[in-house]
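Q: Below you'll find coords-v6.csv; it's CSV, C-alpha atoms.
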```
chain,number,residue,atom,x,y,z
A,1,MET,CA,-2.0,-24.8,9.0
A,2,ASP,CA,0.4,-23.2,6.5
A,3,LYS,CA,2.2,-19.9,7.2
A,4,GLN,CA,-0.1,-17.8,4.9
A,5,ALA,CA,-3.1,-19.1,6.8
A,6,LEU,CA,-1.5,-18.3,10.1
A,7,LEU,CA,-0.7,-14.7,8.8
A,8,ASP,CA,-4.3,-14.4,7.7
A,9,ASN,CA,-5.5,-15.5,11.1
A,10,LEU,CA,-3.3,-12.8,12.7
A,11,ARG,CA,-4.9,-10.2,10.4
A,12,SER,CA,-8.3,-11.3,11.5
A,13,GLU,CA,-7.3,-11.2,15.2
A,14,ILE,CA,-6.2,-7.5,14.8
A,15,ILE,CA,-9.6,-6.7,13.5
A,16,THR,CA,-11.5,-8.8,16.1
A,17,GLN,CA,-9.4,-7.4,19.0
A,18,ALA,CA,-10.0,-3.8,17.7
A,19,VAL,CA,-6.3,-2.9,17.9
A,20,CYS,CA,-6.0,0.9,17.7
A,21,PRO,CA,-9.6,1.6,16.9
A,22,GLU,CA,-9.0,5.3,16.3
A,23,LEU,CA,-6.5,4.5,13.6
A,24,ALA,CA,-8.8,1.8,12.2
A,25,GLU,CA,-11.6,4.4,12.0
A,26,SER,CA,-9.5,6.9,10.1
A,27,ALA,CA,-7.8,4.4,7.7
A,28,GLN,CA,-9.2,2.7,4.7
A,29,ASN,CA,-7.3,-0.6,5.0
A,30,LEU,CA,-5.5,-2.8,7.5
A,31,ILE,CA,-2.1,-3.5,5.8
A,32,MET,CA,-0.5,-6.6,7.3
A,33,GLY,CA,2.2,-7.0,4.8
A,34,GLU,CA,2.8,-9.0,1.6
A,35,GLY,CA,5.3,-11.3,0.1
A,36,ASN,CA,6.7,-14.7,0.7
A,37,PRO,CA,5.7,-16.2,4.0
A,38,ASP,CA,8.8,-18.3,3.8
A,39,ALA,CA,11.1,-15.4,3.1
A,40,GLN,CA,14.6,-15.2,4.5
A,41,VAL,CA,14.4,-11.4,4.6
A,42,VAL,CA,11.6,-9.3,6.2
A,43,PHE,CA,11.6,-5.5,5.7
A,44,ILE,CA,9.8,-3.5,8.4
A,45,GLY,CA,8.9,0.2,8.0
A,46,GLU,CA,7.0,2.4,10.4
A,47,ALA,CA,3.4,2.7,9.1
A,48,PRO,CA,1.5,2.8,5.8
A,49,GLY,CA,1.2,6.0,3.8
A,50,LYS,CA,-1.7,7.4,1.8
A,51,ARG,CA,-1.1,5.3,-1.3
A,52,GLU,CA,-0.6,2.2,0.8
A,53,ASP,CA,-3.8,2.8,2.7
A,54,GLN,CA,-5.7,3.3,-0.6
A,55,SER,CA,-4.4,0.1,-2.1
A,56,GLY,CA,-4.1,-2.1,0.9
A,57,ARG,CA,-0.5,-3.0,0.1
A,58,PRO,CA,2.8,-1.9,1.8
A,59,PHE,CA,5.5,0.2,0.1
A,60,ILE,CA,3.9,0.9,-3.2
A,61,GLY,CA,4.6,4.7,-3.6
A,62,ALA,CA,7.9,6.3,-4.4
A,63,SER,CA,9.6,4.6,-1.5
A,64,GLY,CA,8.3,1.2,-2.7
A,65,LYS,CA,9.5,1.9,-6.2
A,66,PHE,CA,13.0,2.7,-4.8
A,67,LEU,CA,12.8,-0.4,-2.6
A,68,ASN,CA,12.0,-2.5,-5.7
A,69,GLU,CA,15.0,-1.1,-7.6
A,70,MET,CA,17.3,-1.9,-4.7
A,71,LEU,CA,15.9,-5.4,-4.5
A,72,ALA,CA,16.6,-5.9,-8.2
A,73,GLY,CA,20.1,-4.7,-7.6
A,74,ILE,CA,20.7,-7.7,-5.4
A,75,ASN,CA,18.7,-10.1,-7.6
A,76,LEU,CA,15.7,-10.3,-5.4
A,77,ALA,CA,12.0,-9.3,-6.1
A,78,ARG,CA,9.1,-8.4,-3.8
A,79,GLN,CA,7.8,-11.9,-4.1
A,80,ASP,CA,11.1,-13.2,-2.6
A,81,VAL,CA,10.9,-11.2,0.6
A,82,TYR,CA,8.2,-10.1,3.0
A,83,ILE,CA,7.4,-6.4,3.5
A,84,THR,CA,5.4,-5.0,6.5
A,85,ASN,CA,5.3,-2.1,9.0
A,86,ILE,CA,5.2,-1.9,12.7
A,87,VAL,CA,1.8,-0.1,12.7
A,88,LYS,CA,-0.7,-1.7,10.4
A,89,TYR,CA,-3.1,1.3,9.8
A,90,ARG,CA,-2.1,4.7,8.3
A,91,PRO,CA,-1.9,7.4,10.9
A,92,PRO,CA,-3.9,10.5,10.0
A,93,ASP,CA,-2.1,13.1,7.8
A,94,ASN,CA,0.9,10.7,7.6
A,95,ARG,CA,2.0,11.7,11.1
A,96,ASP,CA,4.6,9.6,12.9
A,97,PRO,CA,3.0,6.7,14.7
A,98,LYS,CA,2.6,7.3,18.4
A,99,THR,CA,4.4,5.2,20.9
A,100,SER,CA,1.1,3.7,22.1
A,101,GLU,CA,0.3,2.7,18.6
A,102,LYS,CA,3.6,1.0,18.0
A,103,GLU,CA,3.3,-0.8,21.3
A,104,ALA,CA,-0.3,-2.0,20.5
A,105,PHE,CA,0.9,-3.5,17.2
A,106,TRP,CA,4.2,-4.8,18.5
A,107,PRO,CA,2.9,-8.3,19.6
A,108,TYR,CA,1.4,-8.8,16.1
A,109,LEU,CA,4.6,-7.8,14.4
A,110,MET,CA,6.5,-10.3,16.6
A,111,ALA,CA,3.9,-13.0,15.8
A,112,GLN,CA,4.4,-12.3,12.1
A,113,LEU,CA,8.1,-12.8,12.5
A,114,GLU,CA,7.6,-16.0,14.5
A,115,ILE,CA,5.4,-17.4,11.7
A,116,ILE,CA,7.8,-16.3,8.9
A,117,LYS,CA,11.0,-17.2,10.7
A,118,PRO,CA,13.3,-15.0,8.7
A,119,GLN,CA,17.1,-15.1,8.7
A,120,LEU,CA,17.4,-11.3,8.5
A,121,VAL,CA,15.1,-8.5,9.6
A,122,VAL,CA,15.8,-5.2,7.8
A,123,THR,CA,14.6,-2.2,9.7
A,124,LEU,CA,13.7,0.7,7.5
A,125,GLY,CA,14.1,3.9,9.4
A,126,ARG,CA,14.4,5.0,13.0
A,127,HIS,CA,11.0,3.9,14.2
A,128,SER,CA,11.6,0.3,13.1
A,129,LEU,CA,15.1,0.3,14.5
A,130,GLN,CA,14.0,1.7,17.8
A,131,GLY,CA,11.4,-1.0,18.2
A,132,PHE,CA,14.0,-3.7,18.0
A,133,LEU,CA,17.1,-2.0,19.4
A,134,PRO,CA,16.1,1.0,21.6
A,135,GLY,CA,18.7,3.6,22.2
A,136,LEU,CA,20.6,3.0,18.9
A,137,GLN,CA,20.8,5.8,16.4
A,138,ILE,CA,20.3,5.0,12.8
A,139,SER,CA,23.1,7.4,11.8
A,140,GLN,CA,25.5,5.3,13.9
A,141,VAL,CA,24.4,1.7,12.9
A,142,HIS,CA,23.1,1.9,9.4
A,143,GLY,CA,24.5,-0.8,7.2
A,144,GLN,CA,25.5,-2.9,10.2
A,145,VAL,CA,24.1,-6.4,10.8
A,146,ILE,CA,23.4,-6.9,14.5
A,147,SER,CA,22.8,-10.2,16.3
A,148,ASP,CA,22.5,-9.6,20.0
A,149,GLY,CA,20.8,-12.8,21.1
A,150,ARG,CA,17.4,-11.3,21.8
A,151,TYR,CA,16.0,-12.6,18.5
A,152,SER,CA,16.4,-15.7,16.4
A,153,TRP,CA,17.2,-13.4,13.4
A,154,SER,CA,19.8,-10.8,12.7
A,155,ILE,CA,18.9,-7.2,12.2
A,156,LEU,CA,20.1,-4.9,9.5
A,157,ALA,CA,19.5,-1.2,10.1
A,158,LEU,CA,18.8,0.8,7.0
A,159,TYR,CA,17.6,4.4,6.4
A,160,HIS,CA,14.1,4.5,5.2
A,161,PRO,CA,13.8,4.7,1.4
A,162,ALA,CA,11.8,7.9,1.8
A,163,ALA,CA,14.8,9.5,3.6
A,164,ALA,CA,17.0,8.8,0.5
A,165,LEU,CA,14.3,10.3,-1.8
A,166,TYR,CA,14.2,13.5,0.2
A,167,ASN,CA,17.9,13.7,0.9
A,168,GLY,CA,19.9,12.8,-2.2
A,169,SER,CA,23.1,12.4,-0.2
A,170,LEU,CA,21.6,9.4,1.6
A,171,ARG,CA,20.7,7.6,-1.6
A,172,ARG,CA,24.2,6.2,-2.3
A,173,THR,CA,24.5,5.3,1.4
A,174,LEU,CA,21.3,3.3,1.3
A,175,VAL,CA,22.2,1.5,-1.9
A,176,ASP,CA,25.6,0.6,-0.5
A,177,ASP,CA,24.1,-0.5,2.8
A,178,PHE,CA,21.5,-2.6,1.0
A,179,GLN,CA,24.4,-4.8,-0.3
A,180,GLN,CA,24.6,-6.2,3.2
A,181,ILE,CA,21.5,-8.2,2.5
A,182,GLU,CA,23.1,-10.2,-0.2
A,183,THR,CA,26.3,-10.6,1.8
A,184,ASN,CA,24.4,-11.9,4.8
A,185,LEU,CA,22.3,-14.4,2.8
A,186,GLY,CA,25.4,-15.9,1.3
A,187,GLY,CA,24.8,-14.3,-2.1
```
Go ahead and express the file in the form of structure tokens.

A:
Amino acid sequence: MDKQALLDNLRSEIITQAVCPELAESAQNLIMGEGNPDAQVVFIGEAPGKREDQSGRPFIGASGKFLNEMLAGINLARQDVYITNIVKYRPPDNRDPKTSEKEAFWPYLMAQLEIIKPQLVVTLGRHSLQGFLPGLQISQVHGQVISDGRYSWSILALYHPAAALYNGSLRRTLVDDFQQIETNLGG
């Protein structure tokens, strides 16, 4: 079975297992992720927003547009990478995902990563970072590539693109930190 078929099976399993039924009930779509199942880089946010929920695709709003611009800046496109979130359904009113929701989806995220086998996992924001490296603060480790032996991939902690959109002073930091992707892929 190819990687995309395995990812599709994982999607079906989330529905069959009724993961986070309260979120599923309030959301329009299950958003597993999209991109290249053979990607060297996987981007992981916290949860889908309103536009993502409506379309069924991750990172398509203003944050997604900024992400696309940063990808172009290092000669990559969405189809070269894989983009997903920890939580696969939109939390109501765009609230932060609850710990229980992140925990419920964590095994599926890890299964996605085991299927894709990336070289680099890019955490977008504090929720994603805390999932992989609890106790670290994004303000202290952003832009750093961390390989601590727990995973077969390295982790690059970045601010979430939305943070840079709402706080202009973070924009340059995020763009500069984003260059670590190209550096760590040998580009």

Q: Just the number, please: distance in Å from CA of Pro21 (chain A) to CA of Asp93 (chain A), one decimal.

A: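 Going from CA of Pro21 (chain A) over to CA of Asp93 (chain A) covers 16.5 Å.
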
Q: Name the closest residue to Gly149 (chain A) among the candidates A:Leu133, A:Ala24, A:Ala162, A:Ile116; distances are taken between atoms, counting all atoms listed in the file.

A: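 Using all atoms listed in the file, Gly149 (chain A) sits closest to A:Leu133.
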
Q: Counting all atoms listed in the file, which residues of region 123-180 of chain A fall within 9 Å of region 43-51 of chain A, and what is the closest atom pair for each with its distance in Å at one decimal, ordered by chain and rising number, as a tab-separated table?

A:
```
residue	atom	partner	partner_atom	distance
A:Thr123	CA	A:Ile44	CA	5.1
A:Leu124	CA	A:Gly45	CA	4.9
A:Gly125	CA	A:Gly45	CA	6.5
A:Arg126	CA	A:Glu46	CA	8.3
A:His127	CA	A:Glu46	CA	5.7
A:Ser128	CA	A:Glu46	CA	5.7
A:Leu129	CA	A:Ile44	CA	8.9
A:His160	CA	A:Gly45	CA	7.3
```

Q: Export, as a PDB file, keeping the file's coordinate frame, the selected residues with C-alpha atoms.

A:
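This is the output file part.pdb:
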```
ATOM      1  CA  THR A 123      14.600  -2.200   9.700  1.00  0.00           C
ATOM      2  CA  LEU A 124      13.700   0.700   7.500  1.00  0.00           C
ATOM      3  CA  GLY A 125      14.100   3.900   9.400  1.00  0.00           C
ATOM      4  CA  ARG A 126      14.400   5.000  13.000  1.00  0.00           C
ATOM      5  CA  HIS A 127      11.000   3.900  14.200  1.00  0.00           C
ATOM      6  CA  SER A 128      11.600   0.300  13.100  1.00  0.00           C
ATOM      7  CA  LEU A 129      15.100   0.300  14.500  1.00  0.00           C
ATOM      8  CA  HIS A 160      14.100   4.500   5.200  1.00  0.00           C
TER       9      HIS A 160
END
```

Q: Can you tell me which residues surround region 153-157 of chain A at a distance of at most 6 Å, considering only C-alpha atoms, apart from same-chain residues fewer than 3 positions away, and format the answer as a list in words?

A: Gln119, Leu120, Val121, Val122, Thr123, His142, Gly143, Gln144, Val145, Ile146 and Ser147 of chain A

Q: Between A:Gln179, A:Ser12, A:Gln140, A:Asn29, which one has atoms that come closest to Leu71 (chain A), using all atoms listed in the file?

A: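 Once distances to Leu71 (chain A) are computed over all atoms listed in the file, the minimum belongs to A:Gln179.
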
Q: Skip Lys88 (chain A) itself and residues of its chain fewer than 2 positions away, then list as a VMD selection string all residues within 10 Å of it, counting only C-alpha atoms.

A: chain A and resid 11 14 19 to 20 23 to 24 27 29 to 33 46 to 48 53 58 84 to 86 90 to 91 101 to 102 105 to 106 108 to 109

Q: Show which residues sit within 9 Å of region 34-40 of chain A, as a ChimeraX atom specification. Count only C-alpha atoms, and ignore same-chain residues fewer than 6 positions away.

A: /A:3-4,7,57-58,78-84,115-121,185

Q: Please compute the CA of Gln28 (chain A)-CA of Gly56 (chain A) distance, one decimal, in Å.

A: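 About the pair CA of Gln28 (chain A) and CA of Gly56 (chain A): they are 8.0 Å apart.
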
Q: Go ahead and compute the interatomic distance for CA of Ala163 (chain A) and CA of Gln130 (chain A), in Å to one decimal.

A: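 That distance, rounded to one decimal, is 16.2 Å.
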
Q: For each of A:Glu69, A:Asp8, A:Asp2, A:Glu25, take the minimum atom-to-atom distance to Phe178 (chain A), counting all atoms listed in the file, then give the residue where this is smallest.

A: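 Smallest distance to Phe178 (chain A) is found for A:Glu69.
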
Q: Any chance you could model N, CA and C atoms for region 3-24 of chain A and send them as a PDB file, keeping the file's coordinate frame?

A:
```pdb
ATOM      1  N   LYS A   3       1.820 -21.241   6.649  1.00  0.00           N
ATOM      2  CA  LYS A   3       2.200 -19.900   7.200  1.00  0.00           C
ATOM      3  C   LYS A   3       1.265 -18.821   6.696  1.00  0.00           C
ATOM      4  N   GLN A   4       0.822 -18.865   5.427  1.00  0.00           N
ATOM      5  CA  GLN A   4      -0.100 -17.800   4.900  1.00  0.00           C
ATOM      6  C   GLN A   4      -1.395 -17.834   5.711  1.00  0.00           C
ATOM      7  N   ALA A   5      -1.898 -19.015   6.013  1.00  0.00           N
ATOM      8  CA  ALA A   5      -3.100 -19.100   6.800  1.00  0.00           C
ATOM      9  C   ALA A   5      -2.935 -18.551   8.197  1.00  0.00           C
ATOM     10  N   LEU A   6      -1.769 -18.806   8.785  1.00  0.00           N
ATOM     11  CA  LEU A   6      -1.500 -18.300  10.100  1.00  0.00           C
ATOM     12  C   LEU A   6      -1.395 -16.729  10.060  1.00  0.00           C
ATOM     13  N   LEU A   7      -0.786 -16.192   8.995  1.00  0.00           N
ATOM     14  CA  LEU A   7      -0.700 -14.700   8.800  1.00  0.00           C
ATOM     15  C   LEU A   7      -2.119 -14.151   8.631  1.00  0.00           C
ATOM     16  N   ASP A   8      -2.959 -14.851   7.874  1.00  0.00           N
ATOM     17  CA  ASP A   8      -4.300 -14.400   7.700  1.00  0.00           C
ATOM     18  C   ASP A   8      -5.118 -14.402   8.983  1.00  0.00           C
ATOM     19  N   ASN A   9      -4.882 -15.414   9.809  1.00  0.00           N
ATOM     20  CA  ASN A   9      -5.500 -15.500  11.100  1.00  0.00           C
ATOM     21  C   ASN A   9      -5.094 -14.308  12.005  1.00  0.00           C
ATOM     22  N   LEU A  10      -3.836 -13.957  11.926  1.00  0.00           N
ATOM     23  CA  LEU A  10      -3.300 -12.800  12.700  1.00  0.00           C
ATOM     24  C   LEU A  10      -3.989 -11.533  12.260  1.00  0.00           C
ATOM     25  N   ARG A  11      -4.172 -11.382  10.983  1.00  0.00           N
ATOM     26  CA  ARG A  11      -4.900 -10.200  10.400  1.00  0.00           C
ATOM     27  C   ARG A  11      -6.291 -10.140  11.020  1.00  0.00           C
ATOM     28  N   SER A  12      -6.986 -11.263  10.996  1.00  0.00           N
ATOM     29  CA  SER A  12      -8.300 -11.300  11.500  1.00  0.00           C
ATOM     30  C   SER A  12      -8.366 -10.984  13.031  1.00  0.00           C
ATOM     31  N   GLU A  13      -7.342 -11.429  13.740  1.00  0.00           N
ATOM     32  CA  GLU A  13      -7.300 -11.200  15.200  1.00  0.00           C
ATOM     33  C   GLU A  13      -7.115  -9.661  15.454  1.00  0.00           C
ATOM     34  N   ILE A  14      -6.344  -8.964  14.645  1.00  0.00           N
ATOM     35  CA  ILE A  14      -6.200  -7.500  14.800  1.00  0.00           C
ATOM     36  C   ILE A  14      -7.550  -6.830  14.687  1.00  0.00           C
ATOM     37  N   ILE A  15      -8.321  -7.261  13.711  1.00  0.00           N
ATOM     38  CA  ILE A  15      -9.600  -6.700  13.500  1.00  0.00           C
ATOM     39  C   ILE A  15     -10.586  -7.054  14.647  1.00  0.00           C
ATOM     40  N   THR A  16     -10.600  -8.317  15.021  1.00  0.00           N
ATOM     41  CA  THR A  16     -11.500  -8.800  16.100  1.00  0.00           C
ATOM     42  C   THR A  16     -11.142  -8.138  17.428  1.00  0.00           C
ATOM     43  N   GLN A  17      -9.851  -7.968  17.703  1.00  0.00           N
ATOM     44  CA  GLN A  17      -9.400  -7.400  19.000  1.00  0.00           C
ATOM     45  C   GLN A  17      -9.489  -5.848  18.948  1.00  0.00           C
ATOM     46  N   ALA A  18      -9.868  -5.271  17.821  1.00  0.00           N
ATOM     47  CA  ALA A  18     -10.000  -3.800  17.700  1.00  0.00           C
ATOM     48  C   ALA A  18      -8.719  -3.092  18.129  1.00  0.00           C
ATOM     49  N   VAL A  19      -7.595  -3.530  17.565  1.00  0.00           N
ATOM     50  CA  VAL A  19      -6.300  -2.900  17.900  1.00  0.00           C
ATOM     51  C   VAL A  19      -6.321  -1.484  17.284  1.00  0.00           C
ATOM     52  N   CYS A  20      -6.020  -0.502  18.094  1.00  0.00           N
ATOM     53  CA  CYS A  20      -6.000   0.900  17.700  1.00  0.00           C
ATOM     54  C   CYS A  20      -7.245   1.330  16.926  1.00  0.00           C
ATOM     55  N   PRO A  21      -8.388   1.291  17.595  1.00  0.00           N
ATOM     56  CA  PRO A  21      -9.600   1.600  16.900  1.00  0.00           C
ATOM     57  C   PRO A  21      -9.684   3.003  16.293  1.00  0.00           C
ATOM     58  N   GLU A  22      -8.989   3.968  16.914  1.00  0.00           N
ATOM     59  CA  GLU A  22      -9.000   5.300  16.300  1.00  0.00           C
ATOM     60  C   GLU A  22      -8.240   5.363  15.020  1.00  0.00           C
ATOM     61  N   LEU A  23      -7.178   4.578  14.896  1.00  0.00           N
ATOM     62  CA  LEU A  23      -6.500   4.500  13.600  1.00  0.00           C
ATOM     63  C   LEU A  23      -7.324   3.712  12.601  1.00  0.00           C
ATOM     64  N   ALA A  24      -7.939   2.641  13.050  1.00  0.00           N
ATOM     65  CA  ALA A  24      -8.800   1.800  12.200  1.00  0.00           C
ATOM     66  C   ALA A  24      -9.906   2.660  11.579  1.00  0.00           C
TER      67      ALA A  24
END
```
